[in-house]
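Structure file input_14.cif; described as mmCIF, C-alpha atoms and all ligand atoms.
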```
data_protein
loop_
_atom_site.group_PDB
_atom_site.id
_atom_site.type_symbol
_atom_site.label_atom_id
_atom_site.label_comp_id
_atom_site.auth_asym_id
_atom_site.auth_seq_id
_atom_site.Cartn_x
_atom_site.Cartn_y
_atom_site.Cartn_z
ATOM 1 C CA MET E 29 4.941 -17.248 -0.473
ATOM 2 C CA ARG E 30 6.591 -17.873 2.777
ATOM 3 C CA ARG E 31 4.926 -16.521 5.758
ATOM 4 C CA PRO E 32 6.057 -17.288 9.243
ATOM 5 C CA ALA E 33 3.309 -19.021 11.103
ATOM 6 C CA GLY E 34 4.046 -17.208 14.280
ATOM 7 C CA ARG E 35 3.031 -13.705 14.988
ATOM 8 C CA PRO E 36 4.820 -11.119 12.884
ATOM 9 C CA ARG E 37 7.384 -9.146 14.739
ATOM 10 C CA PRO E 38 7.445 -5.509 13.747
ATOM 11 C CA GLU E 39 11.087 -4.853 14.202
ATOM 12 C CA VAL E 40 12.156 -1.289 14.176
ATOM 13 C CA GLN E 41 14.964 -1.132 11.696
ATOM 14 C CA ASN E 42 15.000 2.536 11.060
ATOM 15 C CA ALA E 43 14.552 3.958 14.473
ATOM 16 C CA GLY E 44 14.158 7.661 14.398
ATOM 17 C CA SER E 45 13.316 8.007 10.742
ATOM 18 C CA GLY E 46 9.655 7.155 10.764
ATOM 19 C CA PRO E 47 7.505 4.063 10.616
ATOM 20 C CA VAL E 48 8.219 1.278 8.167
ATOM 21 C CA ARG E 49 5.477 -0.419 6.191
ATOM 22 C CA THR E 50 5.400 -3.375 3.897
ATOM 23 C CA CYS E 51 4.376 -2.983 0.282
ATOM 24 C CA VAL E 52 1.493 -5.364 -0.432
ATOM 25 C CA GLY E 53 2.649 -5.698 -4.030
ATOM 26 C CA CYS E 54 6.267 -6.752 -3.750
ATOM 27 C CA GLY E 55 6.621 -7.215 -0.026
ATOM 28 C CA SER E 56 9.541 -4.871 0.430
ATOM 29 C CA ARG E 57 9.760 -2.812 3.555
ATOM 30 C CA ARG E 58 10.101 0.907 3.187
ATOM 31 C CA GLN E 59 9.635 4.126 4.994
ATOM 32 C CA GLN E 60 5.982 4.931 5.248
ATOM 33 C CA ALA E 61 6.694 8.278 3.633
ATOM 34 C CA GLU E 62 7.908 6.517 0.491
ATOM 35 C CA LEU E 63 4.790 4.447 0.108
ATOM 36 C CA THR E 64 1.362 5.251 -1.193
ATOM 37 C CA ARG E 65 -1.415 4.425 1.199
ATOM 38 C CA PHE E 66 -4.732 2.948 0.172
ATOM 39 C CA VAL E 67 -7.806 2.773 2.317
ATOM 40 C CA ILE E 68 -11.345 1.491 2.015
ATOM 41 C CA GLY E 69 -13.738 4.309 1.303
ATOM 42 C CA PRO E 70 -17.486 4.341 1.705
ATOM 43 C CA GLY E 71 -19.067 1.512 -0.218
ATOM 44 C CA GLY E 72 -15.988 -0.634 -0.103
ATOM 45 C CA ALA E 73 -14.133 1.198 -2.838
ATOM 46 C CA ILE E 74 -10.394 1.444 -2.540
ATOM 47 C CA GLU E 75 -9.130 4.990 -2.438
ATOM 48 C CA VAL E 76 -5.728 6.575 -2.533
ATOM 49 C CA ASP E 77 -4.922 8.218 0.750
ATOM 50 C CA ARG E 78 -2.305 10.734 -0.265
ATOM 51 C CA LYS E 79 -1.949 12.365 3.068
ATOM 52 C CA ARG E 80 -2.112 9.116 4.980
ATOM 53 C CA ARG E 81 -4.690 10.570 7.267
ATOM 54 C CA LEU E 82 -7.843 8.684 6.503
ATOM 55 C CA PRO E 83 -9.076 6.430 9.248
ATOM 56 C CA GLY E 84 -9.175 2.690 9.048
ATOM 57 C CA ARG E 85 -6.908 0.003 7.838
ATOM 58 C CA GLY E 86 -4.466 0.885 5.141
ATOM 59 C CA ALA E 87 -2.531 -0.988 2.515
ATOM 60 C CA TYR E 88 0.731 0.329 1.178
ATOM 61 C CA LEU E 89 2.319 0.188 -2.241
ATOM 62 C CA CYS E 90 5.746 1.436 -3.242
ATOM 63 C CA GLY E 91 5.388 1.665 -6.993
ATOM 64 C CA ALA E 92 2.922 1.553 -9.845
ATOM 65 C CA GLY E 93 4.172 -1.876 -10.843
ATOM 66 C CA CYS E 94 3.245 -3.111 -7.414
ATOM 67 C CA LEU E 95 -0.346 -2.129 -8.002
ATOM 68 C CA THR E 96 -0.597 -4.785 -10.681
ATOM 69 C CA ALA E 97 1.200 -7.294 -8.531
ATOM 70 C CA ALA E 98 -1.061 -6.577 -5.598
ATOM 71 C CA LEU E 99 -4.151 -7.018 -7.723
ATOM 72 C CA LYS E 100 -2.889 -10.324 -9.063
ATOM 73 C CA ARG E 101 -2.180 -11.567 -5.607
ATOM 74 C CA LYS E 102 -5.464 -10.258 -4.294
ATOM 75 C CA ALA E 103 -3.386 -8.525 -1.718
ATOM 76 C CA PHE E 104 -5.997 -5.866 -1.141
ATOM 77 C CA GLY E 105 -8.545 -8.444 -0.148
ATOM 78 C CA ARG E 106 -6.133 -9.725 2.427
ATOM 79 C CA ALA E 107 -4.956 -6.338 3.595
ATOM 80 C CA PHE E 108 -8.495 -5.178 4.148
ATOM 81 C CA ARG E 109 -9.720 -8.487 5.474
ATOM 82 C CA GLY E 110 -12.298 -8.999 2.800
ATOM 83 C CA LYS E 111 -13.846 -5.604 3.224
ATOM 84 C CA ALA E 112 -12.698 -4.362 -0.127
ATOM 85 C CA GLY E 113 -15.367 -4.323 -2.762
ATOM 86 C CA GLN E 114 -14.632 -4.877 -6.400
ATOM 87 C CA VAL E 115 -11.320 -3.429 -7.334
ATOM 88 C CA ASP E 116 -11.220 -1.491 -10.548
ATOM 89 C CA PRO E 117 -7.594 -1.567 -11.669
ATOM 90 C CA SER E 118 -7.915 1.256 -14.184
ATOM 91 C CA GLN E 119 -9.658 3.476 -11.694
ATOM 92 C CA LEU E 120 -7.032 2.754 -9.101
ATOM 93 C CA GLY E 121 -4.304 3.429 -11.601
ATOM 94 C CA GLN E 122 -5.804 6.784 -12.409
ATOM 95 C CA ALA E 123 -6.130 7.731 -8.797
ATOM 96 C CA TRP E 124 -2.556 6.706 -8.330
ATOM 97 C CA GLU E 125 -1.285 8.917 -11.126
ATOM 98 C CA GLN E 126 -3.190 11.884 -9.820
ATOM 99 C CA GLY E 127 -1.858 11.352 -6.364
ATOM 100 C CA ASP E 128 1.670 10.828 -7.534
ATOM 101 C CA GLY E 129 1.924 13.970 -9.577
ATOM 102 C CA GLU E 130 4.135 15.769 -7.159
ATOM 103 C CA ARG E 131 6.736 13.046 -7.257
ATOM 104 C CA ARG E 132 7.102 12.892 -10.980
ATOM 105 C CA GLY E 133 10.372 12.124 -12.668
ATOM 106 C CA ALA E 134 11.601 9.886 -9.899
ATOM 107 C CA GLY E 135 12.180 7.058 -12.323
ATOM 108 C CA GLY E 136 10.115 4.246 -10.917
ATOM 109 C CA SER E 137 11.998 1.215 -12.163
ATOM 110 C CA GLY E 138 13.369 0.184 -8.847
ATOM 111 C CA CYS E 139 10.712 -2.243 -7.925
HETATM 112 ZN ZN ZN E 201 6.339 -2.713 -3.955
#
```
Output the structure of this file as structure tokens.
Ligand SMILES: [Zn+2]
Amino acid sequence: MRRPAGRPRPEVQNAGSGPVRTCVGCGSRRQQAELTRFVIGPGGAIEVDRKRRLPGRGAYLCGAGCLTAALKRKAFGRAFRGKAGQVDPSQLGQAWEQGDGERRGAGGSGC
């Protein structure tokens, strides 16, 4: 857990190929398009934002394994500044699988 005390500097490393976001599970930086976005829905429930269009703060994950890691680290609580209600891992996992259907067969062991 090393976090620079100063203000984070969003450096543009992939200029021209889209925004880069940090996975809250493993901390790796990837193209936003490669990540799955999560947002806080009504009632404080965490929802999968497949189209990355829902308003509000988002948290990004790059793989299913990172979901577990993020939950262990309480990364959602941090990402959403305490606004997240109770996280139901199995429910989130299900939502993830539904949302990830179109990208099946990509392997998924790279995390
Ligand atoms: Zn990750």
Quick one: contact table of chain E to ligand ZN 201 (chain E), 7 Å max, nearest atom pair and distance in Å to one decimal per residue, counting only C-alpha atoms and all ligand atoms, chain and number order, as JSON lines?
```
{"residue": "E:Cys51", "atom": "CA", "partner": "E:ZN201", "partner_atom": "ZN", "distance": 4.7}
{"residue": "E:Val52", "atom": "CA", "partner": "E:ZN201", "partner_atom": "ZN", "distance": 6.6}
{"residue": "E:Gly53", "atom": "CA", "partner": "E:ZN201", "partner_atom": "ZN", "distance": 4.7}
{"residue": "E:Cys54", "atom": "CA", "partner": "E:ZN201", "partner_atom": "ZN", "distance": 4.0}
{"residue": "E:Gly55", "atom": "CA", "partner": "E:ZN201", "partner_atom": "ZN", "distance": 6.0}
{"residue": "E:Ser56", "atom": "CA", "partner": "E:ZN201", "partner_atom": "ZN", "distance": 5.8}
{"residue": "E:Leu89", "atom": "CA", "partner": "E:ZN201", "partner_atom": "ZN", "distance": 5.2}
{"residue": "E:Cys90", "atom": "CA", "partner": "E:ZN201", "partner_atom": "ZN", "distance": 4.3}
{"residue": "E:Gly91", "atom": "CA", "partner": "E:ZN201", "partner_atom": "ZN", "distance": 5.4}
{"residue": "E:Cys94", "atom": "CA", "partner": "E:ZN201", "partner_atom": "ZN", "distance": 4.7}
{"residue": "E:Cys139", "atom": "CA", "partner": "E:ZN201", "partner_atom": "ZN", "distance": 5.9}
```
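Picture a line from atom CA of Ala87 of chain E to atom CA of Arg65 of chain E; it runs 5.7 Å.
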**Item:** Coordinates-based distance that separates atom CA of Arg80 of chain E from atom CA of Gly105 of chain E (Å, one decimal)
**Value:**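 Atom CA of Arg80 of chain E lies 19.4 Å from atom CA of Gly105 of chain E.
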request  = For atom CA of Ala107 of chain E and atom CA of Leu120 of chain E, quote the distance in Å rounded to one decimal.
outcome  =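 About the pair atom CA of Ala107 of chain E and atom CA of Leu120 of chain E: they are 15.8 Å apart.
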Might I get the box with edges along x, y and z of the file that holds all atoms of segment 53-61 of chain E listed there, padded by 5 Å on every side, given as centre and edge lengths in Å to one decimal, as AutoDock Vina command-line options?
```
--center_x 6.4 --center_y 0.5 --center_z 0.6 --size_x 17.5 --size_y 25.5 --size_z 19.3
```
> For Pro70 of chain E, which residue among E:Arg106, E:Lys111, E:Arg101, E:Arg49 is the nearest when counting all atoms listed in the file?
Replying inline: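 Ranking E:Arg106, E:Lys111, E:Arg101, E:Arg49 by distance to Pro70 of chain E, first place goes to E:Lys111.
For the residues E:Gly84, E:Pro47, E:Gly93, E:Gly113, ranking by smallest atom-to-atom distance to Gly71 of chain E using all atoms listed in the file places E:Gly113 first.
Close contacts of Gln114 of chain E, defined as residues with an atom at most 8 Å away when counting all atoms listed in the file, with chain neighbours fewer than 2 positions off set aside, comprise Gly72, Ala73, Ala112 and Asp116 of chain E.
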Worksheet item: Selected by the PyMOL selection byres (((chain E and resi 78) around 8) and not hetatm) in the shown coordinates: which residues, as a list in words?
Response: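 Output of the PyMOL selection byres (((chain E and resi 78) around 8) and not hetatm): Thr64, Arg65, Val76, Asp77, Lys79, Arg80, Arg81 and Gly127 of chain E.
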>> So, with all atoms listed in the file as the atoms that count, which of E:Glu75, E:Gly110, E:Ala61, E:Pro117 lies closest to Leu95 of chain E?
In response: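 Ranked by minimum distance to Leu95 of chain E, first place goes to E:Pro117.
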Since the input has fewer atoms than a full residue there, write segment 73-84 of chain E out with all heavy atoms, as a PDB file, keeping the file's coordinate frame.
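File written: rebuild.pdb
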```pdb
ATOM      1  N   ALA E  73     -15.062   0.866  -1.767  1.00  0.00           N
ATOM      2  CA  ALA E  73     -14.133   1.198  -2.838  1.00  0.00           C
ATOM      3  C   ALA E  73     -12.755   1.528  -2.259  1.00  0.00           C
ATOM      4  O   ALA E  73     -12.655   2.126  -1.188  1.00  0.00           O
ATOM      5  CB  ALA E  73     -14.651   2.391  -3.629  1.00  0.00           C
ATOM      6  N   ILE E  74     -11.745   1.145  -2.990  1.00  0.00           N
ATOM      7  CA  ILE E  74     -10.394   1.444  -2.540  1.00  0.00           C
ATOM      8  C   ILE E  74     -10.003   2.833  -3.024  1.00  0.00           C
ATOM      9  O   ILE E  74     -10.167   3.172  -4.189  1.00  0.00           O
ATOM     10  CB  ILE E  74      -9.405   0.399  -3.061  1.00  0.00           C
ATOM     11  CG1 ILE E  74      -9.743  -0.952  -2.428  1.00  0.00           C
ATOM     12  CG2 ILE E  74      -7.981   0.794  -2.726  1.00  0.00           C
ATOM     13  CD1 ILE E  74      -8.831  -2.061  -2.875  1.00  0.00           C
ATOM     14  N   GLU E  75      -9.501   3.622  -2.098  1.00  0.00           N
ATOM     15  CA  GLU E  75      -9.130   4.990  -2.438  1.00  0.00           C
ATOM     16  C   GLU E  75      -7.672   5.237  -2.104  1.00  0.00           C
ATOM     17  O   GLU E  75      -7.117   4.629  -1.202  1.00  0.00           O
ATOM     18  CB  GLU E  75      -9.996   5.970  -1.654  1.00  0.00           C
ATOM     19  CG  GLU E  75     -11.460   5.866  -1.999  1.00  0.00           C
ATOM     20  CD  GLU E  75     -12.281   6.831  -1.171  1.00  0.00           C
ATOM     21  OE1 GLU E  75     -11.697   7.525  -0.326  1.00  0.00           O
ATOM     22  OE2 GLU E  75     -13.495   6.874  -1.386  1.00  0.00           O
ATOM     23  N   VAL E  76      -7.094   6.180  -2.836  1.00  0.00           N
ATOM     24  CA  VAL E  76      -5.728   6.575  -2.533  1.00  0.00           C
ATOM     25  C   VAL E  76      -5.757   7.591  -1.407  1.00  0.00           C
ATOM     26  O   VAL E  76      -6.490   8.568  -1.460  1.00  0.00           O
ATOM     27  CB  VAL E  76      -5.057   7.204  -3.770  1.00  0.00           C
ATOM     28  CG1 VAL E  76      -3.624   7.604  -3.449  1.00  0.00           C
ATOM     29  CG2 VAL E  76      -5.086   6.230  -4.931  1.00  0.00           C
ATOM     30  N   ASP E  77      -4.985   7.320  -0.405  1.00  0.00           N
ATOM     31  CA  ASP E  77      -4.922   8.218   0.750  1.00  0.00           C
ATOM     32  C   ASP E  77      -3.590   8.953   0.713  1.00  0.00           C
ATOM     33  O   ASP E  77      -2.611   8.544   1.318  1.00  0.00           O
ATOM     34  CB  ASP E  77      -5.069   7.394   2.029  1.00  0.00           C
ATOM     35  CG  ASP E  77      -4.977   8.275   3.261  1.00  0.00           C
ATOM     36  OD1 ASP E  77      -5.062   9.507   3.129  1.00  0.00           O
ATOM     37  OD2 ASP E  77      -4.813   7.725   4.357  1.00  0.00           O
ATOM     38  N   ARG E  78      -3.579  10.031  -0.036  1.00  0.00           N
ATOM     39  CA  ARG E  78      -2.305  10.734  -0.265  1.00  0.00           C
ATOM     40  C   ARG E  78      -1.668  11.245   1.006  1.00  0.00           C
ATOM     41  O   ARG E  78      -0.470  11.224   1.174  1.00  0.00           O
ATOM     42  CB  ARG E  78      -2.541  11.904  -1.214  1.00  0.00           C
ATOM     43  CG  ARG E  78      -2.838  11.463  -2.608  1.00  0.00           C
ATOM     44  CD  ARG E  78      -3.087  12.668  -3.468  1.00  0.00           C
ATOM     45  NE  ARG E  78      -1.924  13.551  -3.499  1.00  0.00           N
ATOM     46  CZ  ARG E  78      -1.930  14.739  -4.056  1.00  0.00           C
ATOM     47  NH1 ARG E  78      -3.028  15.182  -4.609  1.00  0.00           N
ATOM     48  NH2 ARG E  78      -0.848  15.461  -4.078  1.00  0.00           N
ATOM     49  N   LYS E  79      -2.515  11.743   1.867  1.00  0.00           N
ATOM     50  CA  LYS E  79      -1.949  12.365   3.068  1.00  0.00           C
ATOM     51  C   LYS E  79      -1.808  11.377   4.215  1.00  0.00           C
ATOM     52  O   LYS E  79      -1.364  11.746   5.291  1.00  0.00           O
ATOM     53  CB  LYS E  79      -2.828  13.540   3.489  1.00  0.00           C
ATOM     54  CG  LYS E  79      -2.786  14.641   2.456  1.00  0.00           C
ATOM     55  CD  LYS E  79      -3.746  15.759   2.817  1.00  0.00           C
ATOM     56  CE  LYS E  79      -3.695  16.853   1.750  1.00  0.00           C
ATOM     57  NZ  LYS E  79      -4.782  17.811   1.911  1.00  0.00           N
ATOM     58  N   ARG E  80      -2.211  10.162   3.955  1.00  0.00           N
ATOM     59  CA  ARG E  80      -2.112   9.116   4.980  1.00  0.00           C
ATOM     60  C   ARG E  80      -2.802   9.523   6.265  1.00  0.00           C
ATOM     61  O   ARG E  80      -2.283   9.335   7.359  1.00  0.00           O
ATOM     62  CB  ARG E  80      -0.645   8.773   5.258  1.00  0.00           C
ATOM     63  CG  ARG E  80       0.027   8.182   4.046  1.00  0.00           C
ATOM     64  CD  ARG E  80       1.418   7.722   4.365  1.00  0.00           C
ATOM     65  NE  ARG E  80       2.347   8.831   4.427  1.00  0.00           N
ATOM     66  CZ  ARG E  80       2.969   9.329   3.363  1.00  0.00           C
ATOM     67  NH1 ARG E  80       2.769   8.792   2.182  1.00  0.00           N
ATOM     68  NH2 ARG E  80       3.784  10.338   3.494  1.00  0.00           N
ATOM     69  N   ARG E  81      -3.973  10.098   6.093  1.00  0.00           N
ATOM     70  CA  ARG E  81      -4.690  10.570   7.267  1.00  0.00           C
ATOM     71  C   ARG E  81      -6.052   9.944   7.416  1.00  0.00           C
ATOM     72  O   ARG E  81      -6.718  10.156   8.429  1.00  0.00           O
ATOM     73  CB  ARG E  81      -4.882  12.082   7.167  1.00  0.00           C
ATOM     74  CG  ARG E  81      -3.651  12.831   7.594  1.00  0.00           C
ATOM     75  CD  ARG E  81      -3.941  14.304   7.543  1.00  0.00           C
ATOM     76  NE  ARG E  81      -2.747  15.070   7.835  1.00  0.00           N
ATOM     77  CZ  ARG E  81      -2.689  16.387   7.727  1.00  0.00           C
ATOM     78  NH1 ARG E  81      -3.750  17.040   7.318  1.00  0.00           N
ATOM     79  NH2 ARG E  81      -1.587  17.019   8.010  1.00  0.00           N
ATOM     80  N   LEU E  82      -6.504   9.258   6.412  1.00  0.00           N
ATOM     81  CA  LEU E  82      -7.843   8.684   6.503  1.00  0.00           C
ATOM     82  C   LEU E  82      -7.860   7.557   7.525  1.00  0.00           C
ATOM     83  O   LEU E  82      -6.876   6.851   7.697  1.00  0.00           O
ATOM     84  CB  LEU E  82      -8.267   8.157   5.126  1.00  0.00           C
ATOM     85  CG  LEU E  82      -8.405   9.233   4.053  1.00  0.00           C
ATOM     86  CD1 LEU E  82      -8.783   8.614   2.720  1.00  0.00           C
ATOM     87  CD2 LEU E  82      -9.464  10.245   4.457  1.00  0.00           C
ATOM     88  N   PRO E  83      -8.983   7.459   8.207  1.00  0.00           N
ATOM     89  CA  PRO E  83      -9.076   6.430   9.248  1.00  0.00           C
ATOM     90  C   PRO E  83      -9.216   5.042   8.648  1.00  0.00           C
ATOM     91  O   PRO E  83      -9.528   4.876   7.476  1.00  0.00           O
ATOM     92  CB  PRO E  83     -10.362   6.822   9.987  1.00  0.00           C
ATOM     93  CG  PRO E  83     -11.196   7.533   8.975  1.00  0.00           C
ATOM     94  CD  PRO E  83     -10.221   8.241   8.067  1.00  0.00           C
ATOM     95  N   GLY E  84      -8.983   4.068   9.482  1.00  0.00           N
ATOM     96  CA  GLY E  84      -9.175   2.690   9.048  1.00  0.00           C
ATOM     97  C   GLY E  84      -7.885   2.022   8.637  1.00  0.00           C
ATOM     98  O   GLY E  84      -6.806   2.602   8.694  1.00  0.00           O
TER      99      GLY E  84
END
```
